[in-house]
Every structure is written in structure tokens, then in C-alpha cells.
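*Asks:* Dumping the structure here so I can ask a few things about it.
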Amino acid sequence: MTNKDDLPFDDVSLSFAWQALQHDMAMVPGGDVQQVCDSIIATNAGFEIVPSPNRVVSVDSIYLDRDCVTNADFARFVESDGYGNPDLWPAVILPNVLQFSDSSGQPGPKYWVNGDPPSDKLDHPVVGISWYEASAFATWAGKRLPSSAEWQRAGTWPKGHSSDGTELHFPWGNGFDPAKANVWSSGVGDTVAVTEFERGRTPNGVRQLVGNVWEWVDTQFEPSTGDGVSVLLDQTMAEIRGGAFDTYFQTQATCQFHTGQPLLFRGANVGFRCCVSASEIPDVDRGVIRSSEAV
Amino acid sequence: MIATTNQVNAGFPPITVDCACCDQRLPDRVEYCAECSTPASLSHAVAKRVGTQSFVSVLGASNAGKTVYLGLLLDILSKGTDAFRGLPTSAFSIDLQEQVITALEGRVFPDKTPSEADAWKWLHCQISMAEKKKQRNVDLVSPDFAGEAISLEIDQTGTYPAIGHVVKKSSGILILCDSMRVRDAGSGEDLFATKLASYIAQAHGLTSDHGNSRSRKHGPRIAIVFTKCDGCPEATEDPSRFAANNTSRLFEYCRRTFSQHAFFAASVAGSSGILADETGRQMRIPFHIQPRGIIEPLQWIVNQG
């Protein structure tokens, strides 16, 4: 018998699949991003963070989720026994998966109860999940976490570069506006639904890249240091990007700022979104045409 | 002459005022009080205020995070809502705010506070609170003491008179304890904080076993704040239980001595790491800033009044 997953899509199915994909994900064309490379050096007075020339990194085209993964999205992963499926987790982390439980001891994000998300926050980004849980969800959904550079490209490509050659700080421009991103100065103090702060979206419709929750990306966080200086970390850290509702300085919620959290950190202000490499989607051109025709 | 509030407001020169901290008369044109080194500008600023003045002091061991706490508190207060807002009354208050905010935004912690009393930065701001159709104002005055000076003053009372005067005058006191040192480094933090609590009780004429309930009731409000909780989630989950389990001496002393006391958890960094160089120097740096629990202890103190 043929597995139903092996059957080819017919044109009508493909057209609907493309509509669904373009509804939920936005195309981010490949290109360069300028990664900030502040370096920590030792001085007579102590240590100092000094700016170094930006590093230019090229990325390929991807399709990126328009929104962060919501509680409702993640509930489907929990219901399908994502926590019990060893194929979704690296072998080294399997002993820890049992500890990825909610406040009542059920498998699930830290702040859920009895394996269920808060009913009034179904459309909020899921939080209280470690990097491993984010990665397992992405694998289950047939996607992956974006790299740090891919994430930055999503926020900076649409408006091109400023006249001085630098990237824009925010998806809407260089000037911060608390009405466009949920950070400390917006005064909300908690997560909001993924569809809010619509005015801060990228021109191609990626929402809340900046603010609401930090986003796990698939890049290890390693502060750059000068000769003879080392950074002692308790645990391996992954980068988080974009700032959150409790990010105090707007300079730490730009498209360029990067920081980190331990891979096992399950905070109330870190979520994630997924992506797919454009090259991994078969028949992209054909699909786009079909999709356009259908609309 | 000693100026009355009305005279000060009317700008009658020359203005002579008492030190806001130790109540000694300040001669004209002095910069610091000879008794306690409080800046004269602070005393002038306090004298100009109308309404309740409330000293709140922040104490703790060296490296407990007092400077960062105070500077960030002032910054958060200045950006607060009508429900709870605080505005610095003069430039010297903004000095501390500027020092801390500039450092944190650059992802370093500010330099240690020097031990010399005349180098301490003071904070004076007017806190306004919206309360059922009316506005309540409280003047908050707090110095940024050096931890080493606090330690010396506790061991030998009178070494730093400013500390004694401020503690005596304070209606609310925050005792800062490094949560990671409490959890990981033995009894040192617990013992120091207990010594500090004992010093406060002595300054206010309270004793743990013999103090009657009336004197306890009139003692200062004590907020014990576990700092650096980004690295110690155990303290964040339940500060009171964390205190009972990890600072049992302080917990019991406060229970016996201060009728109004509470435990809090606070943090400034979202995550942090330790830098080290080849000579063995080490320094903690914040990777990003997300304040937690900074304003709550002060709100608690003010709301108890």
C-alpha cells in the first residue's frame, strides 16, 4: 500500500496549500545582514564593551511565520503527545524532557495548568518553553527555528538600508515608537495577542518581530571577547532576539541587538516563531503562480 | 537665621537651613554638613518642600546591588503612571540615575560606590500617588551608602555618622541581600543582614525579646529584598519561604523585632555572565535589562504609612 504522505499533490491541492502557506508565513528574500560585533576587552580599570566593525552575513530566502507560535498552536503539539515522541528531541536532552512540565506537573509549558493553556491567552505567544521545546515543536510542524541572521534579515530587508549604509533599527524605521511594539515603555506589562501592535509589522506582514516576547533562534549565544578575556556561563546559551514586554531599554529591542538565555530557560517573556528554507519547498515558482491565480 | 518653609519658598536670602539628615544647623555656603557629610544642596531642596518628608534608606552588604537598585528605582519612578510616580527634585538626584542608566544601557554594572561619605550620591524625589479622588505626596530621601562603610558603621557605631542619622530618621528601610550569595555561599549574607537588622532595631530603640508590642508597632517598616534573582529563581518563586529556608537567622530576628516587615525578590538583568581575564579579575555583566520587583518594596513601604 502507498503511504498517503507519498502521494503527489494535484494542482488544486497545491493551490490551497500555497494559500495556506502564504496566509501563515511571509517570504523573506535572501541577502546580507550586518551583525553587530561588540567585543569585550580587558582594561586597567576593568572590562569594557567596545564596538567592532559589523560582520556581514549572507542568508538564503526563507518563509517565516507571520506570528509567534501561540498557546493554541502549542496545545496541538501537546495533544499530539509531542513531549512523548522521542524523535522530536535530541537524545542528550531526553532525561530533561520529563522536567518540561507545567505548574501542575503535566507535560507542557511552565505556566499552563493541567496540560492546558490559559483560556484567555489562546492567541498570545506561548511562553515558559525552553529552547528544546521550541525546537521540538518546529520539527513536529515540519519547520525549524530561524538562525540569528535569518531573523535579522526578516526585520531589516523590506525598507533596504539607510543612506549611511546601516540597517534600520526597527521594521518600521529608525525611530522607536511604543505604539508599534510591546516593550516596557508601552506600559502593558504582559504579553498581548500576536495580532496586536499591527502598526509595527514589517511591510510584508511579519508581526511583532520587535516586542511582546523574545524569540528563540537557532544560534548559540557567545559574547565576542578580546585577547585574554573569557566569559564564564553556567550553561550553554542560545540567542534570543527582538525584546519583550519587559525590555527596559528600546536600544535592546532593535533588529540588531542580540542577547541570550540558557537552553533550558523557561521564562515568561521568551517565545518563538518557525521558518522553512525557500529552497526546501518544491516547485516554488509553480506554487506561487498557482496561488496567485487562485486569489 | 533659620528659614521657614514660607521664607524659603519666597526666596529670602540668605537662607540658612538645618541638615536634612542630622538636623545640625548648616552655615551659609557650606557644601556638606560637617557632622554627617550630607550635601547642603539636599538640605536646601528638602527645606523647600511642603508636606510629608519620609526618609527611606537602602542598606546591604558590599556588592548587594544598592547603587543599581536606587538608580533604577529613580528611573522607573520618573516614568511611572499617575498611580505611583516619583520625580527628582534637583540635579543631584539625577546624577545617580544617570550613572546607573548609562552603565546598564551599555551592558555593564556601575562602578562601586566609594567609601568616602562626601562622594555618596543622594536621591531626593517627590512621590505622588493617586488615591480615591485625591493625590498623596511623599518626599523620598535616600543616600547611596557604600557597603564597606555600612559594615564599618555596624562594627563601630559613629564611624560614619550619616548612616546612623539616616537610619534613625528612616520610616522605611530596605535591606538588600544578594540572593545568589544567600543560596550558594554559606551563612555570611544571613549573618550580615541580621547584624544590620539589629543595628536598625537599636537605632530605633527596639529589642527582639523585650520590646513591647507598642514600640514594635512604631518601629520602621522593613523590606528585605533578595537581589539578582535572575540567577536565583528559588527566591522569586516565594521570597518569604526562601528567607525562612536560607536566611533563618534574619527571618526569625525580623519576626521577633519588626511588626511591619516583608520579603521581596528583585532583579535587573534578564541574564548575565561573568567575565574573567588572565590575571584572575572577574566581573559580572548583564546581557540585557529587564527589571523585576524594583518598585514593589517601596510601594509596600509607602502604602503602610
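Order determines the names: the first chain of the C-alpha cells is A, the second B, and so forth; residues in each chain are numbered 1 upward, and ligands are numbered 1 upward as they are shown.
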Starting from chain A, keep only residues with some atom at most 8 Å from an atom of chain B, counting only C-alpha atoms, and report them as a list in words.
*Replies:*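 Per the criterion, chain A yields Ala42, Gly46, Phe47, Glu48, Ile49, Gly228, Val229, Ser230, Val231, Leu232, Leu233, Asp234, Asp246, Thr247, Tyr248, Phe249, Thr251, Gln252, Thr259, Gly260 and Gln261 of chain A.
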*Asks:* Among the residues of region 60-171 of chain B, find those DSSP assigns to strand (DSSP E) from the backbone and print them as a list of chain:residue names.
*Replies:*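 DSSP-assigned strand (DSSP E) residues in region 60-171 of chain B: B:Gly60, B:Arg85, B:Gly86, B:Leu87, B:Pro88, B:Trp122, B:Leu123, B:His124, B:Cys125, B:Gln126, B:Ile127, B:Ser128, B:Met129, B:Ala130, B:Glu131, B:Lys134, B:Gln135, B:Arg136, B:Asn137, B:Val138, B:Asp139, B:Leu140, B:Val141, B:Ser142, B:Pro143, B:Ser170, B:Ser171.
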*Asks:* Please list as a list in words every residue within 10 Å of region 119-124 of chain A, counting only C-alpha atoms and excluding residues in the same chain fewer than 3 positions away.
*Replies:* Asp67, Cys68, Val69, Thr70, Asn71, Ala72, Asp73, Phe74, Ala75, Trp112, Asp116, Val127, Thr191, Val192, Ala193, Val194, Thr195, Glu196, Asn212, Val213 and Gly271 of chain A
*Asks:* Those same residues, written as a PDB file, in the first residue's frame with C-alpha atoms?
*Replies:*
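The resulting result24.pdb:
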ATOM      1  CA  ASP A  67       3.260  35.428  14.066  1.00  0.00           C
ATOM      2  CA  CYS A  68       4.922  33.785  17.021  1.00  0.00           C
ATOM      3  CA  VAL A  69       3.616  30.325  17.859  1.00  0.00           C
ATOM      4  CA  THR A  70       0.550  30.813  20.058  1.00  0.00           C
ATOM      5  CA  ASN A  71      -0.723  28.891  23.059  1.00  0.00           C
ATOM      6  CA  ALA A  72      -3.433  27.436  20.825  1.00  0.00           C
ATOM      7  CA  ASP A  73      -0.808  26.285  18.297  1.00  0.00           C
ATOM      8  CA  PHE A  74       1.314  24.725  21.011  1.00  0.00           C
ATOM      9  CA  ALA A  75      -1.720  22.963  22.527  1.00  0.00           C
ATOM     10  CA  TRP A 112      -0.019  26.128  31.891  1.00  0.00           C
ATOM     11  CA  ASP A 116      -3.994  23.347  29.185  1.00  0.00           C
ATOM     12  CA  VAL A 127       5.958  31.259  26.780  1.00  0.00           C
ATOM     13  CA  THR A 191       2.105  39.539  26.671  1.00  0.00           C
ATOM     14  CA  VAL A 192      -0.626  40.562  24.229  1.00  0.00           C
ATOM     15  CA  ALA A 193      -2.284  38.639  21.376  1.00  0.00           C
ATOM     16  CA  VAL A 194       0.016  38.030  18.431  1.00  0.00           C
ATOM     17  CA  THR A 195      -2.191  40.153  16.172  1.00  0.00           C
ATOM     18  CA  GLU A 196      -1.866  43.326  18.271  1.00  0.00           C
ATOM     19  CA  ASN A 212       5.918  41.182  23.131  1.00  0.00           C
ATOM     20  CA  VAL A 213       8.279  38.210  23.595  1.00  0.00           C
ATOM     21  CA  GLY A 271       8.577  32.556  22.751  1.00  0.00           C
TER      22      GLY A 271
END
*Asks:* If you measure from CA of Gln256 (chain A) to CA of Val276 (chain A), what distance in Å do you get, rounded to one decimal?
*Replies:*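 Going from CA of Gln256 (chain A) over to CA of Val276 (chain A), I get 21.7 Å.
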*Asks:* Write out as a PDB file with C-alpha atoms, in the first residue's frame all residues of region 121-273 of chain A that DSSP puts in alpha helix (DSSP H) for this structure's backbone.
*Replies:*
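File written: out-v1.pdb
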ATOM      1  CA  TRP A 131      14.868  26.264  23.501  1.00  0.00           C
ATOM      2  CA  TYR A 132      14.495  22.478  23.197  1.00  0.00           C
ATOM      3  CA  GLU A 133      10.690  22.663  23.393  1.00  0.00           C
ATOM      4  CA  ALA A 134      10.652  25.373  20.727  1.00  0.00           C
ATOM      5  CA  SER A 135      12.892  23.278  18.527  1.00  0.00           C
ATOM      6  CA  ALA A 136      10.790  20.118  19.071  1.00  0.00           C
ATOM      7  CA  PHE A 137       7.629  21.994  18.104  1.00  0.00           C
ATOM      8  CA  ALA A 138       9.310  23.305  14.956  1.00  0.00           C
ATOM      9  CA  THR A 139      10.380  19.779  13.969  1.00  0.00           C
ATOM     10  CA  TRP A 140       6.868  18.447  14.670  1.00  0.00           C
ATOM     11  CA  SER A 148      20.012  34.676  14.183  1.00  0.00           C
ATOM     12  CA  ALA A 149      20.959  36.172  10.808  1.00  0.00           C
ATOM     13  CA  GLU A 150      17.756  34.954   9.129  1.00  0.00           C
ATOM     14  CA  TRP A 151      15.700  36.514  11.921  1.00  0.00           C
ATOM     15  CA  GLN A 152      17.519  39.824  11.498  1.00  0.00           C
ATOM     16  CA  ARG A 153      17.080  39.743   7.746  1.00  0.00           C
ATOM     17  CA  ALA A 154      13.305  39.416   8.223  1.00  0.00           C
ATOM     18  CA  GLY A 155      13.230  42.658  10.180  1.00  0.00           C
ATOM     19  CA  THR A 156      15.588  44.717   8.080  1.00  0.00           C
TER      20      THR A 156
END
*Asks:* For CA of Pro117 (chain A) and CA of Ile93 (chain A), determine how far apart the two atoms are, in Å to one decimal place.
*Replies:*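 Distance between the two atoms: 23.9 Å.
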